[in-house]
Structure formats: C-alpha cells, structure tokens
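S.K.: Once you've had a glance at the structure underneath, I'll fire off some questions.
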Amino acid sequence: MRDGPVLELEVESIDLDANGVAHHEGKVVFVRDALPGERVRAQVVRRKPRFDVAQTEQVLRGSVARVAPRCPHFGVCGGCSMQHLEPRTQLAIKQRALEDQLWHLGRVRPGTVLRPIAGPTWSYRYRARLSVRHVAKKGGVLVGFHERGSSYVADMHGCAVMPPRVSDLIDPLRTFIGTLDMRDRMPQIEVALGEVETGEVLALVFRVLEPPTDRDRAALIAFARTHAFELWFQPKGPDTVHLVWAPHDDGAQAPSSRLAYTLPEFDVRMPFRPTDFTQVNHRVNEMLVAHALRLLQPRPDDRVADMFCGLGNFSLPLARRARAVVGVEGSATLVARATENARANGLSGRATFQVANLFEVDDTRWRALGPFDRVLIDPPREGALELAKALSSDPHKPERIVYVSCNPATLARDAGVLVHTGGFTLLAAGAVNMFPHTSHVESIAVFVPADPAVHASQGQE
C-alpha cells in the first residue's frame with residue numbers, strides 16, 4: 001500500500017521481529033521501528049483480515065531504550081531489525097521470547113534461567129551471503145543484503161555488523177563487478193572470514209552461472225590479489241565450489257586454502273570450506289562451546305554423543321574432556337571433514353564420526369549408537385523431534401543432555417517431548433545472542449532425568 005491511512009498509536013509491546021504491537025479500533029497493528037511505551041505516527045502499509053502492518057513516520061513520545069541506529073541503511077536493508085533498540089534490551093526480548101515459547105509450545109519452564117551469552121555487537125558477522133544485481137536505473141551493480149520484506153538488493157556501501165575488512169570491500173566490489181562481461185550472470189557472493197596465527201583469512205565465493213571468459217577470470221584473480229582474499233568459484237551446487245587463487249599461491253602448484261577458526265581454550269583448530277556451515281559469530285561461538293561443555297559436565301570416563309555434529313565444533317572440544325565422543329551427521333561430506341579435523345588435532349582415537357539421518361532416527365537406530373553417558377544436540381532450525389522421541393524411550397537415559405538451538409519454537413516442541421514423554425527435567429535454559437541487532441534467537445538448554453537415582457551426583461547449575 002502506498003496510500004494507507006496515517007494513525008497515531010500507543011505501542012504496547014514488541015514482537016520477536018522487533019515490530020511494535022498496538023491496537024486501533026480493536027485490530028492489532030504491527031508497527032515497524034516502534035518500541036513499547038512509545039506514541040508514534042505511522043502509515044498503514046499492509047492490511048490483513050486479522051491485523052495491519054504500519055511503518056513509523058514520526059516518534060511522538062520516545063522510549064528510553066531507543067538508540068540511534070549506527071548503520072545508515074537501517075530500515076531499508078533487511079539484514080538487521082533491532083538497531084534502534086539498545087543491546088541489553090534486545091537480549092532481554094530474546095530471553096523472554098525463549099521462555100514464552102518453552103511455556104506456550106512445550107508447557108515447560110526451566111528450573112534456572114541461565115545468564116545470556118553475549119559478545120561483540122558490531123563487526124561480529126564473519127559469514128554472509130551477499131546478493132549481486134546489475135541495476136542500470138540505480139547506476140550499476142548493487143552488492144548487499146536484500147531490502148526488508150523484498151527481493152530487491154539494498155543499495156549498500158558498507159555494513160556495520162560485518163568486520164571492516166569485508167564492509168570496506170562492498171564499494172570496490174560494486175565498481176569491479178560492473179566491469180565484467182558476466183556482471184549479469186553472477187548473482188551471489190558468499191563471504192567467509194577465518195582466523196589463524198598470522199591474522200585473518202578472507203574467502204569470497206563467486207556464484208558463476210556460466211564459465212568466466214579468460215578476461216573475466218584474469219580480472220577476478222587480479223582483484224583477489226589486490227585485496228588479498230581467497231578466490232573461489234561456484235558454478236552449480238555446493239559440491240562444485242572450488243578454490244581458484246589464494247594469497248599465498250605461488251603458482252607452482254594447486255592453490256590451497258588456509259581458512260580456519262580456532263577454539264583456544266581447547267587447543268582446537270578447525271579448517272573449513274567457505275560454504276560449510278560454521279557459526280557466524282566467532283567470539284560468541286567460543287563462549288557457547290565453553291559454556292555447553294561446562295553444562296554437560298563430561299567426565300574422563302564418559303562416552304558422549306554429539307548429534308548434528310557438523311565439522312566437529314563441539315565434538316573435538318568434548319574429546320579433550322571425555323573418553324570417547326561419537327559425532328553423528330547427515331552429510332557424508334561433513335563427516336569426512338570432521339574426521340580429518342579430528343586427525344589434524346590429534347584426536348582420532350577419541351572422536352569418531354558416523355553418517356545418519358537424525359530426522360529419521362528411531363529407537364532401534366538410536367540404541368545401536370549408544371549407550372551414552374552424555375548427549376549434546378545442535379540441530380538446524382527443524383529441531384530434533386525424532387531424536388527427542390528416541391531419547392525419551394531409551395531405558396539407558398543419558399545423565400545429561402545439552403541442547404543448542406537456533407529456533408526456540410522447535411526447542412520448545414522437543415523439550416515438551418523430553419519432559420512430558422521422556423521423564424526428563426528442564427534443569428536450565430538461556431538465550432545466546434549469536435546475531436545482535438536481528439530477531440534471530442539462539443539458546444541453550446540442559447535436561448537431566450527426573451528420577452533422582454539416575455542423576456543423584458549431578459549438581460544443579
């Protein structure tokens with residue numbers, strides 16, 4: 001809608017997407033860029049039978065929690081939704097959202113609310129997927145995130161949540177790609193930043209819908225050399241990603257990647273490919289891994305399971321503490337990489353990996369893997385429903401389960417199964433601010449068997 005009515009609204013609360021919630025003539029209005037306690041003038045931009053959506057035009061009475069967004073693209077770019085809200089309040093909203101989901105969807109409440117895990121709020125985003133569009137009407141090539149609620153690419157010149165080295169590349173990329181023959185056949189750039197002893201390692205993966213001409217290929221290598229990043233091409237699916245040039249490439253042999261991140265507390269170095277799943281926020285990931293292990297309390301004689309193990313982000317630190325760790329993952333490629341990472345870190349004898357579809361695991365398959373003294377679960381947004389059911393029916397219940405979640409709704413669902421069907425107790429839960437200034441909620445939860453005889457020796461956090 002371009003000509004919706006302009007309303008004066010009292011904002012009563014805020015939803016998980018950082019929209020203010022108000023009422024007008026008995027109808028709910030979700031108000032973009034408005035905060036609880038504010039009175040705003042807002043234009044209705046969308047109408048639905050049960051609610052309207054409005055965009056704030058003027059704040060008539062502001063909230064003490066309101067701050068000036070650092071990024072000039074905030075409100076247009078869809079990458080962030082909470083920059084107008086001070087960080088502690090952002091975190092409080094996420095913690096409340098977690099607790100609300102646990103109760104309303106799972107009918108469970110944690111015995112203890114854990115202190116939220118938080119780290120840097122700016123320059124934290126070490127991974128990104130940037131869209132590329134050649135838009136003649138806007139003066140050339142755009143590189144950035146999508147506009148809020150739109151498939152259009154935002155007209156960005158920098159990004160405050162990405163490290164300066166990446167943010168400062170946006171304008172040079174826009175200018176450079178505009179000179180290529182294939183500027184209309186390069187829809188995406190994947191960004192991955194690693195850290196090694198000698199400093200940062202930057203990798204850019206260019207999605208190429210046709211083979212680059214010799215001129216374009218030479219230009220891309222020259223651009224990568226100038227800006228010192230690893231140059232990767234992806235012509236089709238993720239399996240086609242390949243390294244073209246690296247800053248340490250001397251031309252005498254095939255280029256090799258130095259992309260990796262470290263977990264210093266556990267003396268673990270994790271090589272990865274730029275399209276592998278790794279956590280966006282390296283600092284928070286370090287804290288999350290350490291916190292998860294403290295909550296899981298692995299002992300030297302324990303056999304521990306790491307479900308949805310990926311590259312071994314939790315498995316390898318666990319192998320520094322436990323007798324044996326079994327990592328399970330649905331991707332054979334990731335299992336091969338995790339196995340190689342265990343070998344590179346001297347942990348092959350203590351960390352082993354298997355391929356299994358954990359979305360289809362049943363009692364028989366689960367018991368064939370076990371028994372386990374402790375279990376860590378780190379699923380994608382879909383959660384781990386079948387695994388929760390299998391754990392619930394296991395006669396040899398693990399003494400502790402730590403569940404790391406990127407979706408509070410599926411965590412709540414699975415927590416309901418573990419508690420109401422499996423006889424576990426939700427000992428503790430808390431939010432993890434992996435994505436500051438966004439509505440994305442990560443969390444961590446701890447479960448123990450409700451039978452005191454099973455976990456008599458387990459201290460409460």
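Just remember, in the structure tokens the first chain shown is A, the second B, etc., residues are 1-based per chain, and ligands are 1-based in the order shown.
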Could you list, as a ChimeraX atom specification, every residue within 9 Å of Arg183 in chain A, counting only C-alpha atoms and ignoring same-chain residues fewer than 2 positions away?

M.R.: /A:132-134,141,177-181,185-187

S.K.: How would the residues just chosen look if you wrote them out with N, CA and C atoms as a PDB file, in the first residue's frame?

M.R.:
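New file result21.pdb:
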ATOM      1  N   VAL A 132      23.971 -10.047  -5.582  1.00  0.00           N
ATOM      2  CA  VAL A 132      24.560  -9.157  -6.586  1.00  0.00           C
ATOM      3  C   VAL A 132      23.519  -8.932  -7.687  1.00  0.00           C
ATOM      4  N   ARG A 133      23.264  -7.679  -8.014  1.00  0.00           N
ATOM      5  CA  ARG A 133      22.337  -7.367  -9.100  1.00  0.00           C
ATOM      6  C   ARG A 133      22.880  -6.180  -9.893  1.00  0.00           C
ATOM      7  N   HIS A 134      22.825  -6.306 -11.212  1.00  0.00           N
ATOM      8  CA  HIS A 134      23.158  -5.179 -12.074  1.00  0.00           C
ATOM      9  C   HIS A 134      21.864  -4.432 -12.351  1.00  0.00           C
ATOM     10  N   VAL A 141      25.995  -1.841 -10.485  1.00  0.00           N
ATOM     11  CA  VAL A 141      25.877  -3.078  -9.725  1.00  0.00           C
ATOM     12  C   VAL A 141      25.614  -2.785  -8.247  1.00  0.00           C
ATOM     13  N   ILE A 177      32.702  -5.447 -10.275  1.00  0.00           N
ATOM     14  CA  ILE A 177      31.801  -6.371 -10.977  1.00  0.00           C
ATOM     15  C   ILE A 177      31.144  -5.686 -12.171  1.00  0.00           C
ATOM     16  N   GLY A 178      30.920  -4.378 -12.060  1.00  0.00           N
ATOM     17  CA  GLY A 178      30.354  -3.637 -13.179  1.00  0.00           C
ATOM     18  C   GLY A 178      31.230  -3.637 -14.414  1.00  0.00           C
ATOM     19  N   THR A 179      32.519  -3.977 -14.264  1.00  0.00           N
ATOM     20  CA  THR A 179      33.426  -4.011 -15.424  1.00  0.00           C
ATOM     21  C   THR A 179      33.482  -5.377 -16.088  1.00  0.00           C
ATOM     22  N   LEU A 180      32.858  -6.394 -15.487  1.00  0.00           N
ATOM     23  CA  LEU A 180      32.970  -7.753 -16.001  1.00  0.00           C
ATOM     24  C   LEU A 180      31.973  -8.023 -17.122  1.00  0.00           C
ATOM     25  N   ASP A 181      32.342  -8.897 -18.017  1.00  0.00           N
ATOM     26  CA  ASP A 181      31.418  -9.337 -19.070  1.00  0.00           C
ATOM     27  C   ASP A 181      30.235 -10.081 -18.452  1.00  0.00           C
ATOM     28  N   ARG A 185      25.509 -12.401 -14.729  1.00  0.00           N
ATOM     29  CA  ARG A 185      25.496 -13.848 -14.515  1.00  0.00           C
ATOM     30  C   ARG A 185      26.264 -14.221 -13.252  1.00  0.00           C
ATOM     31  N   MET A 186      26.272 -13.307 -12.285  1.00  0.00           N
ATOM     32  CA  MET A 186      26.965 -13.521 -11.023  1.00  0.00           C
ATOM     33  C   MET A 186      26.032 -13.061  -9.897  1.00  0.00           C
ATOM     34  N   PRO A 187      25.064 -13.902  -9.490  1.00  0.00           N
ATOM     35  CA  PRO A 187      24.000 -13.437  -8.599  1.00  0.00           C
ATOM     36  C   PRO A 187      24.353 -13.371  -7.119  1.00  0.00           C
TER      37      PRO A 187
END

S.K.: Range 230-244 of chain A: which residues within 7 Å, counting only C-alpha atoms, same-chain residues fewer than 5 positions away excluded, as number ranges by chain?

M.R.: A: 202-210, 224, 255, 275

S.K.: Based on the selection just made, write N, CA and C atoms of those residues as a compact mmCIF listing (two decimals), in the first residue's frame.

M.R.:
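Everything below was put into result.txt:
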# COMPACT_ATOMS: atom_id res chain seq x y z
N LEU A 202 40.41 -14.23 4.50
CA LEU A 202 39.12 -13.90 3.89
C LEU A 202 38.94 -14.74 2.63
N ALA A 203 37.75 -15.33 2.49
CA ALA A 203 37.40 -16.08 1.29
C ALA A 203 36.11 -15.53 0.71
N LEU A 204 36.08 -15.34 -0.61
CA LEU A 204 34.87 -14.94 -1.32
C LEU A 204 34.57 -16.00 -2.36
N VAL A 205 33.32 -16.49 -2.32
CA VAL A 205 32.87 -17.48 -3.29
C VAL A 205 31.92 -16.78 -4.27
N PHE A 206 32.33 -16.69 -5.52
CA PHE A 206 31.51 -16.06 -6.55
C PHE A 206 30.66 -17.13 -7.22
N ARG A 207 29.35 -16.95 -7.14
CA ARG A 207 28.42 -17.84 -7.85
C ARG A 207 28.43 -17.43 -9.31
N VAL A 208 28.89 -18.34 -10.17
CA VAL A 208 29.04 -18.03 -11.59
C VAL A 208 28.10 -18.91 -12.40
N LEU A 209 27.15 -18.31 -13.09
CA LEU A 209 26.14 -19.07 -13.83
C LEU A 209 26.64 -19.51 -15.20
N GLU A 210 27.82 -19.06 -15.58
CA GLU A 210 28.45 -19.50 -16.82
C GLU A 210 29.95 -19.41 -16.61
N ALA A 224 41.37 -10.24 -6.59
CA ALA A 224 41.64 -11.00 -5.37
C ALA A 224 43.05 -10.74 -4.87
N PRO A 255 46.40 -24.26 -5.76
CA PRO A 255 46.22 -23.41 -4.57
C PRO A 255 45.59 -24.18 -3.42
N THR A 275 31.75 -22.60 2.12
CA THR A 275 30.33 -22.89 2.09
C THR A 275 29.90 -23.90 3.16

S.K.: Using only C-alpha atoms, which residues of range 40-115 of chain A come within 10 Å of range 412-417 of chain A, and what is the closest atom pair for each, with the distance in Å to one decimal? Give it as CSV, sorted by chain and residue number.

M.R.:
residue,atom,partner,partner_atom,distance
A:Leu98,CA,A:Ala412,CA,8.3
A:Glu99,CA,A:Ala412,CA,8.9
A:Asp100,CA,A:Ala412,CA,9.2
A:Gln101,CA,A:Ala412,CA,5.9
A:Leu102,CA,A:Ala412,CA,4.4
A:Trp103,CA,A:Ala412,CA,7.5
A:His104,CA,A:Ala412,CA,8.3
A:Leu105,CA,A:Ala412,CA,5.8
A:Gly106,CA,A:Gly416,CA,4.2
A:Arg107,CA,A:Gly416,CA,6.4
A:Val108,CA,A:Gly416,CA,6.4
A:Arg109,CA,A:Ala415,CA,9.5

S.K.: So how far away is CA of Gly79 in chain A from CA of Phe359 in chain A, in Å?

M.R.: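 These atoms are spaced 29.7 Å apart.
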
S.K.: Closest to His440 in chain A among A:Gly75, A:Pro164, A:Gly370, A:Pro408, using only C-alpha atoms?

M.R.: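 Selected residue with least distance to His440 in chain A: A:Pro408.
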
S.K.: Among range 39-182 of chain A, which ones does DSSP assign to alpha helix (DSSP H) (computed from the backbone)? Answer as a ChimeraX atom specification.

M.R.: /A:87-106,164-167,170-177

S.K.: List as a list of chain:residue names the protein and nucleic acid residues near Ser167 in chain A, meaning an atom at most 10 Å away when only C-alpha atoms are counted, but skip any in the same chain fewer than 3 places from it.

M.R.: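 Selected residues are A:Ser123, A:Gly144, A:Met156, A:His157, A:Gly158, A:Cys159, A:Ala160, A:Val161, A:Met162, A:Pro163, A:Pro164, A:Ile170, A:Asp171.
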
S.K.: Keeping only N, CA and C atoms, take the residues you just selected and write them out as an mmCIF file, in the first residue's frame.

M.R.:
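Okay, this is what ended up in selection_18.cif:
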data_model
loop_
_atom_site.group_PDB
_atom_site.id
_atom_site.type_symbol
_atom_site.label_atom_id
_atom_site.label_comp_id
_atom_site.auth_asym_id
_atom_site.auth_seq_id
_atom_site.Cartn_x
_atom_site.Cartn_y
_atom_site.Cartn_z
ATOM 1 N N SER A 123 30.613 -5.546 14.041
ATOM 2 C CA SER A 123 31.731 -6.203 13.327
ATOM 3 C C SER A 123 31.863 -7.665 13.718
ATOM 4 N N GLY A 144 24.885 -6.562 -1.716
ATOM 5 C CA GLY A 144 24.456 -6.421 -0.330
ATOM 6 C C GLY A 144 23.357 -7.394 0.028
ATOM 7 N N MET A 156 23.647 -0.612 -0.725
ATOM 8 C CA MET A 156 24.541 -0.533 0.425
ATOM 9 C C MET A 156 25.933 -0.081 0.006
ATOM 10 N N HIS A 157 26.611 0.597 0.940
ATOM 11 C CA HIS A 157 28.003 0.988 0.727
ATOM 12 C C HIS A 157 28.900 0.509 1.870
ATOM 13 N N GLY A 158 28.323 -0.215 2.796
ATOM 14 C CA GLY A 158 29.060 -0.740 3.938
ATOM 15 C C GLY A 158 28.093 -1.471 4.833
ATOM 16 N N CYS A 159 28.616 -2.164 5.855
ATOM 17 C CA CYS A 159 27.775 -2.927 6.782
ATOM 18 C C CYS A 159 28.442 -2.929 8.149
ATOM 19 N N ALA A 160 27.759 -2.389 9.148
ATOM 20 C CA ALA A 160 28.346 -2.220 10.473
ATOM 21 C C ALA A 160 28.460 -3.520 11.246
ATOM 22 N N VAL A 161 27.710 -4.557 10.855
ATOM 23 C CA VAL A 161 27.806 -5.822 11.592
ATOM 24 C C VAL A 161 28.834 -6.764 10.987
ATOM 25 N N MET A 162 29.378 -6.414 9.822
ATOM 26 C CA MET A 162 30.468 -7.204 9.255
ATOM 27 C C MET A 162 31.808 -6.557 9.600
ATOM 28 N N PRO A 163 32.869 -7.353 9.710
ATOM 29 C CA PRO A 163 34.183 -6.776 10.013
ATOM 30 C C PRO A 163 34.565 -5.728 8.979
ATOM 31 N N PRO A 164 35.325 -4.710 9.380
ATOM 32 C CA PRO A 164 35.687 -3.644 8.445
ATOM 33 C C PRO A 164 36.300 -4.150 7.146
ATOM 34 N N ILE A 170 32.658 -3.628 -0.073
ATOM 35 C CA ILE A 170 31.389 -3.574 -0.796
ATOM 36 C C ILE A 170 31.457 -2.606 -1.974
ATOM 37 N N ASP A 171 31.928 -1.392 -1.754
ATOM 38 C CA ASP A 171 32.018 -0.438 -2.862
ATOM 39 C C ASP A 171 33.014 -0.891 -3.931
#

S.K.: Could you tell me how far CA of Glu86 in chain A lies from CA of Ala42 in chain A, in Å and to one decimal?

M.R.: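 One can read the CA of Glu86 in chain A to CA of Ala42 in chain A distance as 21.6 Å.
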
S.K.: Apply DSSP to the structure's backbone, then extract all residues of range 211-408 of chain A labelled strand (DSSP E or B) and return them as number ranges by chain.

M.R.: A: 230-234, 242-245, 260-263, 268-271, 303-307, 324-329, 351-355, 374-377, 400-405

S.K.: Let's have the selection written as a tab-separated table (two decimals), in the first residue's frame, with N, CA and C atoms.

M.R.:
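Full text of result_33.tsv as output:
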chain	number	residue	atom	x	y	z
A	230	GLU	N	41.04	-15.18	-0.65
A	230	GLU	CA	40.95	-16.42	-1.41
A	230	GLU	C	39.78	-16.31	-2.38
A	231	LEU	N	40.02	-16.64	-3.63
A	231	LEU	CA	39.01	-16.56	-4.68
A	231	LEU	C	38.48	-17.96	-4.97
A	232	TRP	N	37.17	-18.13	-4.79
A	232	TRP	CA	36.50	-19.41	-5.05
A	232	TRP	C	35.40	-19.18	-6.08
A	233	PHE	N	35.13	-20.20	-6.89
A	233	PHE	CA	34.01	-20.19	-7.83
A	233	PHE	C	33.01	-21.28	-7.44
A	234	GLN	N	31.73	-20.99	-7.66
A	234	GLN	CA	30.68	-22.00	-7.50
A	234	GLN	C	29.80	-21.98	-8.75
A	242	HIS	N	35.06	-24.51	-5.74
A	242	HIS	CA	36.49	-24.84	-5.85
A	242	HIS	C	37.33	-23.57	-5.75
A	243	LEU	N	38.51	-23.75	-5.20
A	243	LEU	CA	39.44	-22.64	-4.98
A	243	LEU	C	40.18	-22.34	-6.29
A	244	VAL	N	40.18	-21.07	-6.66
A	244	VAL	CA	40.82	-20.62	-7.90
A	244	VAL	C	42.18	-19.99	-7.63
A	245	TRP	N	42.26	-19.18	-6.58
A	245	TRP	CA	43.51	-18.49	-6.27
A	245	TRP	C	43.54	-18.15	-4.79
A	260	ALA	N	40.21	-21.16	8.40
A	260	ALA	CA	40.04	-21.93	9.63
A	260	ALA	C	39.60	-20.99	10.75
A	261	TYR	N	39.08	-21.60	11.82
A	261	TYR	CA	38.88	-20.83	13.06
A	261	TYR	C	39.42	-21.66	14.21
A	262	THR	N	39.63	-21.04	15.33
A	262	THR	CA	40.23	-21.73	16.47
A	262	THR	C	39.34	-21.65	17.69
A	263	LEU	N	39.51	-22.65	18.55
A	263	LEU	CA	38.89	-22.67	19.88
A	263	LEU	C	40.04	-22.79	20.88
A	268	VAL	N	42.08	-26.33	19.80
A	268	VAL	CA	41.48	-26.92	18.61
A	268	VAL	C	41.53	-25.90	17.46
A	269	ARG	N	41.96	-26.37	16.31
A	269	ARG	CA	41.94	-25.56	15.09
A	269	ARG	C	41.03	-26.26	14.09
A	270	MET	N	40.07	-25.51	13.52
A	270	MET	CA	39.04	-26.09	12.68
A	270	MET	C	39.12	-25.54	11.25
A	271	PRO	N	39.81	-26.22	10.33
A	271	PRO	CA	39.76	-25.82	8.93
A	271	PRO	C	38.34	-26.00	8.39
A	303	ARG	N	31.34	-41.65	27.76
A	303	ARG	CA	31.11	-41.79	26.31
A	303	ARG	C	30.02	-40.79	25.94
A	304	VAL	N	30.33	-39.89	25.04
A	304	VAL	CA	29.47	-38.74	24.76
A	304	VAL	C	29.05	-38.76	23.30
A	305	ALA	N	27.80	-38.40	23.06
A	305	ALA	CA	27.28	-38.25	21.70
A	305	ALA	C	27.17	-36.78	21.34
A	306	ASP	N	27.57	-36.45	20.12
A	306	ASP	CA	27.37	-35.10	19.57
A	306	ASP	C	26.49	-35.25	18.33
A	307	MET	N	25.21	-34.93	18.49
A	307	MET	CA	24.25	-35.12	17.42
A	307	MET	C	24.16	-33.87	16.54
A	324	ALA	N	35.47	-40.93	25.06
A	324	ALA	CA	35.12	-41.18	23.67
A	324	ALA	C	33.96	-40.28	23.27
A	325	VAL	N	34.03	-39.76	22.06
A	325	VAL	CA	32.96	-38.93	21.52
A	325	VAL	C	32.56	-39.52	20.17
A	326	VAL	N	31.25	-39.68	19.98
A	326	VAL	CA	30.71	-40.14	18.71
A	326	VAL	C	29.92	-38.99	18.10
A	327	GLY	N	30.39	-38.48	16.98
A	327	GLY	CA	29.67	-37.42	16.27
A	327	GLY	C	28.83	-38.02	15.17
A	328	VAL	N	27.58	-37.56	15.06
A	328	VAL	CA	26.67	-38.08	14.05
A	328	VAL	C	26.13	-36.92	13.24
A	329	GLU	N	26.14	-37.09	11.91
A	329	GLU	CA	25.75	-36.02	11.00
A	329	GLU	C	25.16	-36.65	9.74
A	351	ALA	N	37.65	-39.26	19.06
A	351	ALA	CA	36.47	-38.73	18.37
A	351	ALA	C	36.28	-39.48	17.06
A	352	THR	N	35.14	-40.15	16.93
A	352	THR	CA	34.79	-40.85	15.70
A	352	THR	C	33.46	-40.30	15.19
A	353	PHE	N	33.23	-40.47	13.89
A	353	PHE	CA	32.07	-39.84	13.27
A	353	PHE	C	31.33	-40.83	12.38
A	354	GLN	N	30.01	-40.68	12.35
A	354	GLN	CA	29.16	-41.56	11.56
A	354	GLN	C	28.15	-40.74	10.78
A	355	VAL	N	27.71	-41.30	9.65
A	355	VAL	CA	26.65	-40.69	8.85
A	355	VAL	C	25.32	-41.32	9.23
A	374	ARG	N	26.44	-38.90	28.19
A	374	ARG	CA	26.03	-37.51	27.97
A	374	ARG	C	25.72	-37.33	26.49
A	375	VAL	N	24.80	-36.44	26.20
A	375	VAL	CA	24.42	-36.19	24.81
A	375	VAL	C	24.36	-34.68	24.57
A	376	LEU	N	24.99	-34.24	23.50
A	376	LEU	CA	24.85	-32.85	23.05
A	376	LEU	C	24.10	-32.87	21.72
A	377	ILE	N	23.13	-31.97	21.58
A	377	ILE	CA	22.30	-31.88	20.37
A	377	ILE	C	22.40	-30.45	19.85
A	400	ARG	N	22.96	-36.43	31.28
A	400	ARG	CA	22.73	-35.02	30.93
A	400	ARG	C	22.57	-34.90	29.42
A	401	ILE	N	21.69	-34.00	29.04
A	401	ILE	CA	21.52	-33.60	27.64
A	401	ILE	C	21.68	-32.09	27.58
A	402	VAL	N	22.54	-31.62	26.71
A	402	VAL	CA	22.62	-30.18	26.41
A	402	VAL	C	22.13	-29.99	24.98
A	403	TYR	N	21.15	-29.13	24.83
A	403	TYR	CA	20.50	-28.89	23.53
A	403	TYR	C	20.80	-27.44	23.13
A	404	VAL	N	21.55	-27.28	22.04
A	404	VAL	CA	21.84	-25.95	21.50
A	404	VAL	C	20.89	-25.71	20.33
A	405	SER	N	20.14	-24.63	20.40
A	405	SER	CA	19.05	-24.42	19.44
A	405	SER	C	19.20	-23.09	18.71

S.K.: When distances are computed from only C-alpha atoms, which of A:Ser150, A:Asn281, A:Thr226, A:Thr213 shows the smallest separation from Tyr126 in chain A?

M.R.: A:Asn281

S.K.: Measuring between only C-alpha atoms, which one of A:Ala356, A:Ala445, A:Cys71, A:Leu130 shows the shortest distance to Phe145 in chain A?

M.R.: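 Among the listed residues, the smallest separation from Phe145 in chain A belongs to A:Leu130.
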